[in-house]
Amino acid sequence: MTVKTILTEPNKLLRQVSLPVEKVRNEERRLMDDMLETMYEAKGIGLAAIQIGVPKRIIVMDISKDDEKKPMYFVNPIIKNKNSDYSTYEEGCLSVPNQFAEVNRPSTCEVEYLDYNGSKKVLKATGLLATCIQHEMDHLEGILFIDYLSKLKKMMIVKKLSKQKNKVDRIVV
Ligand code: ZN
């Protein structure tokens, strides 16, 4: 397993629509292992493949609060039956470092996907799980949580991130 570099906004790759996986093979499993390792290292609870630069419809998540790891893998996920009730969480994103904002999303949903072994599964998600899976699925469409904010707020965040990126190390010799 290898820890990969997580892409951060602004980055054109993060805006790319990811492509379906034909079959879950060892190559995909290796990618999921790397994604999970990268996510744990960054102390995140979800990661989409595009966040490490791979445009495949693959997501890993672990929303367990205790020390015991409970990784979840979603390949080609499709969301069904979104609730018309919304819930609000303060969201952050490994690709939008140190920025947080409240986002409303359907409070429950059903997800159809292939698991780590390529078996078809259906999951009924509520609470944090529902929000997290919808946030990650947005990544597959090239959408970031800051896209839900007002233009001004989004602009301020992107500006801040661009500045951070352009910062050059200062040395005194
Ligand atoms: Zn994210």
# chains A, B, ... in the order shown; residues from 1 in each chain; ligands from 1
>>> select_by_dssp(residues="segment 100-152 of chain A", states="alpha helix (DSSP H)", output="PyMOL selection string")
chain A and resi 127-140+151-152
>>> write_last_selection(atoms="C-alpha atoms", output="compact mmCIF listing (two decimals), in the first residue's frame")
# COMPACT_ATOMS: atom_id res chain seq x y z
CA GLY A 127 -26.98 10.40 8.89
CA LEU A 128 -23.25 10.95 8.44
CA LEU A 129 -22.99 7.97 6.08
CA ALA A 130 -25.60 9.46 3.71
CA THR A 131 -23.90 12.86 3.68
CA CYS A 132 -20.43 11.40 3.25
CA ILE A 133 -21.39 9.14 0.33
CA GLN A 134 -23.11 12.06 -1.44
CA HIS A 135 -20.05 14.29 -0.90
CA GLU A 136 -17.78 11.58 -2.35
CA MET A 137 -20.12 10.90 -5.27
CA ASP A 138 -19.96 14.57 -6.16
CA HIS A 139 -16.21 14.13 -6.66
CA LEU A 140 -16.98 11.57 -9.39
CA LYS A 151 -20.26 32.82 -5.33
CA LEU A 152 -18.52 35.23 -3.00
>>> residues_near_ligand(ligand="ligand 1", cutoff="10 Å", atoms="only C-alpha atoms and all ligand atoms", output="PyMOL selection string")
chain A and resi 8+14+44-48+51+91-97+132-139+143-146
>>> write_last_selection(atoms="N, CA and C atoms", output="mmCIF file, in the first residue's frame")
data_model
loop_
_atom_site.group_PDB
_atom_site.id
_atom_site.type_symbol
_atom_site.label_atom_id
_atom_site.label_comp_id
_atom_site.auth_asym_id
_atom_site.auth_seq_id
_atom_site.Cartn_x
_atom_site.Cartn_y
_atom_site.Cartn_z
ATOM 1 N N THR A 8 -5.310 19.195 -4.559
ATOM 2 C CA THR A 8 -6.120 20.221 -3.896
ATOM 3 C C THR A 8 -6.572 21.279 -4.894
ATOM 4 N N LEU A 14 -9.581 17.775 -10.598
ATOM 5 C CA LEU A 14 -10.684 17.621 -9.632
ATOM 6 C C LEU A 14 -12.039 17.923 -10.260
ATOM 7 N N GLY A 44 -8.811 11.597 6.951
ATOM 8 C CA GLY A 44 -10.108 11.864 6.330
ATOM 9 C C GLY A 44 -11.036 10.685 6.557
ATOM 10 N N ILE A 45 -12.327 10.862 6.232
ATOM 11 C CA ILE A 45 -13.275 9.750 6.380
ATOM 12 C C ILE A 45 -13.805 9.280 5.021
ATOM 13 N N GLY A 46 -13.357 9.935 3.949
ATOM 14 C CA GLY A 46 -13.749 9.497 2.625
ATOM 15 C C GLY A 46 -12.776 10.021 1.581
ATOM 16 N N LEU A 47 -12.619 9.249 0.495
ATOM 17 C CA LEU A 47 -11.731 9.699 -0.585
ATOM 18 C C LEU A 47 -12.203 9.110 -1.910
ATOM 19 N N ALA A 48 -12.235 9.933 -2.947
ATOM 20 C CA ALA A 48 -12.571 9.462 -4.290
ATOM 21 C C ALA A 48 -11.269 9.351 -5.087
ATOM 22 N N GLN A 51 -9.276 12.224 -6.444
ATOM 23 C CA GLN A 51 -8.512 13.071 -5.513
ATOM 24 C C GLN A 51 -7.035 12.699 -5.479
ATOM 25 N N GLU A 91 -19.172 20.620 6.421
ATOM 26 C CA GLU A 91 -18.314 19.734 5.640
ATOM 27 C C GLU A 91 -16.931 20.326 5.400
ATOM 28 N N GLY A 92 -15.979 19.426 5.300
ATOM 29 C CA GLY A 92 -14.645 19.788 4.882
ATOM 30 C C GLY A 92 -14.260 18.810 3.794
ATOM 31 N N CYS A 93 -13.076 18.945 3.219
ATOM 32 C CA CYS A 93 -12.668 18.051 2.130
ATOM 33 C C CYS A 93 -11.150 18.022 2.081
ATOM 34 N N LEU A 94 -10.589 16.825 1.875
ATOM 35 C CA LEU A 94 -9.128 16.717 1.812
ATOM 36 C C LEU A 94 -8.569 17.503 0.626
ATOM 37 N N SER A 95 -9.407 17.770 -0.376
ATOM 38 C CA SER A 95 -8.959 18.540 -1.540
ATOM 39 C C SER A 95 -9.212 20.040 -1.392
ATOM 40 N N VAL A 96 -9.834 20.414 -0.274
ATOM 41 C CA VAL A 96 -10.070 21.835 0.024
ATOM 42 C C VAL A 96 -9.569 22.065 1.456
ATOM 43 N N PRO A 97 -8.258 21.965 1.657
ATOM 44 C CA PRO A 97 -7.707 21.878 3.017
ATOM 45 C C PRO A 97 -8.061 23.060 3.911
ATOM 46 N N CYS A 132 -21.789 11.706 3.710
ATOM 47 C CA CYS A 132 -20.430 11.397 3.251
ATOM 48 C C CYS A 132 -20.447 10.770 1.850
ATOM 49 N N ILE A 133 -21.350 9.811 1.636
ATOM 50 C CA ILE A 133 -21.392 9.144 0.334
ATOM 51 C C ILE A 133 -21.799 10.139 -0.760
ATOM 52 N N GLN A 134 -22.696 11.065 -0.436
ATOM 53 C CA GLN A 134 -23.113 12.061 -1.438
ATOM 54 C C GLN A 134 -21.983 13.051 -1.736
ATOM 55 N N HIS A 135 -21.219 13.416 -0.707
ATOM 56 C CA HIS A 135 -20.050 14.294 -0.899
ATOM 57 C C HIS A 135 -19.045 13.597 -1.824
ATOM 58 N N GLU A 136 -18.770 12.315 -1.544
ATOM 59 C CA GLU A 136 -17.780 11.577 -2.348
ATOM 60 C C GLU A 136 -18.280 11.373 -3.776
ATOM 61 N N MET A 137 -19.587 11.111 -3.927
ATOM 62 C CA MET A 137 -20.123 10.899 -5.271
ATOM 63 C C MET A 137 -20.051 12.169 -6.105
ATOM 64 N N ASP A 138 -20.144 13.294 -5.453
ATOM 65 C CA ASP A 138 -19.964 14.566 -6.156
ATOM 66 C C ASP A 138 -18.583 14.633 -6.810
ATOM 67 N N HIS A 139 -17.572 14.116 -6.102
ATOM 68 C CA HIS A 139 -16.210 14.126 -6.663
ATOM 69 C C HIS A 139 -16.163 13.409 -8.013
ATOM 70 N N ILE A 143 -17.544 17.717 -8.877
ATOM 71 C CA ILE A 143 -18.168 18.740 -8.029
ATOM 72 C C ILE A 143 -17.518 18.749 -6.647
ATOM 73 N N LEU A 144 -17.263 19.943 -6.122
ATOM 74 C CA LEU A 144 -16.715 20.080 -4.769
ATOM 75 C C LEU A 144 -17.760 20.740 -3.873
ATOM 76 N N PHE A 145 -17.645 20.540 -2.554
ATOM 77 C CA PHE A 145 -18.690 21.084 -1.661
ATOM 78 C C PHE A 145 -18.758 22.606 -1.717
ATOM 79 N N ILE A 146 -17.659 23.240 -2.083
ATOM 80 C CA ILE A 146 -17.668 24.709 -2.164
ATOM 81 C C ILE A 146 -18.548 25.209 -3.315
#
>>> select_by_dssp(residues="segment 5-125 of chain A", states="strand (DSSP E)", output="ChimeraX atom specification")
/A:46-48,58-61,72-80,86-93,96-106,108-114,120-125
>>> closest_residue(among="A:Gln16, A:Asn83, A:Ser64, A:Thr2", to="Leu36 of chain A", atoms="only C-alpha atoms")
A:Thr2
>>> atom_distance(atom1="atom CA of Lys160 of chain A", atom2="atom CA of Thr88 of chain A")
24.4 Å
>>> closest_residue(among="A:Asn117, A:Thr108, A:Asn166, A:Ser150", to="Arg30 of chain A", atoms="only C-alpha atoms")
A:Asn117
>>> closest_residue(among="A:Lys80, A:Lys4, A:Lys70, A:Arg29", to="Ile52 of chain A", atoms="only C-alpha atoms")
A:Lys4
>>> closest_residue(among="A:Ser18, A:Met1, A:Leu13, A:Val54", to="Tyr40 of chain A", atoms="only C-alpha atoms")
A:Met1
>>> closest_residue(among="A:Ile59, A:Gly118, A:Ser87, A:Leu161", to="Asn26 of chain A", atoms="only C-alpha atoms")
A:Gly118
>>> atom_distance(atom1="atom CA of Val122 of chain A", atom2="atom CA of Ala49 of chain A")
20.5 Å
>>> atom_distance(atom1="atom CA of Ile78 of chain A", atom2="atom CA of Glu110 of chain A")
8.3 Å
>>> residues_around(residues="Asp115 of chain A", least_positions_apart="4", cutoff="8 Å", atoms="only C-alpha atoms", output="list in words")
Tyr73, Phe74, Val75, Ser119, Lys120 and Lys121 of chain A
>>> write_last_selection(atoms="C-alpha atoms", output="PDB file, in the first residue's frame")
ATOM      1  CA  TYR A  73     -15.401   0.422  -0.797  1.00  0.00           C
ATOM      2  CA  PHE A  74     -17.745   1.652  -3.518  1.00  0.00           C
ATOM      3  CA  VAL A  75     -17.136   0.962  -7.204  1.00  0.00           C
ATOM      4  CA  SER A 119     -20.098  -8.136  -5.932  1.00  0.00           C
ATOM      5  CA  LYS A 120     -23.224  -6.058  -6.429  1.00  0.00           C
ATOM      6  CA  LYS A 121     -24.483  -4.445  -3.216  1.00  0.00           C
TER       7      LYS A 121
END
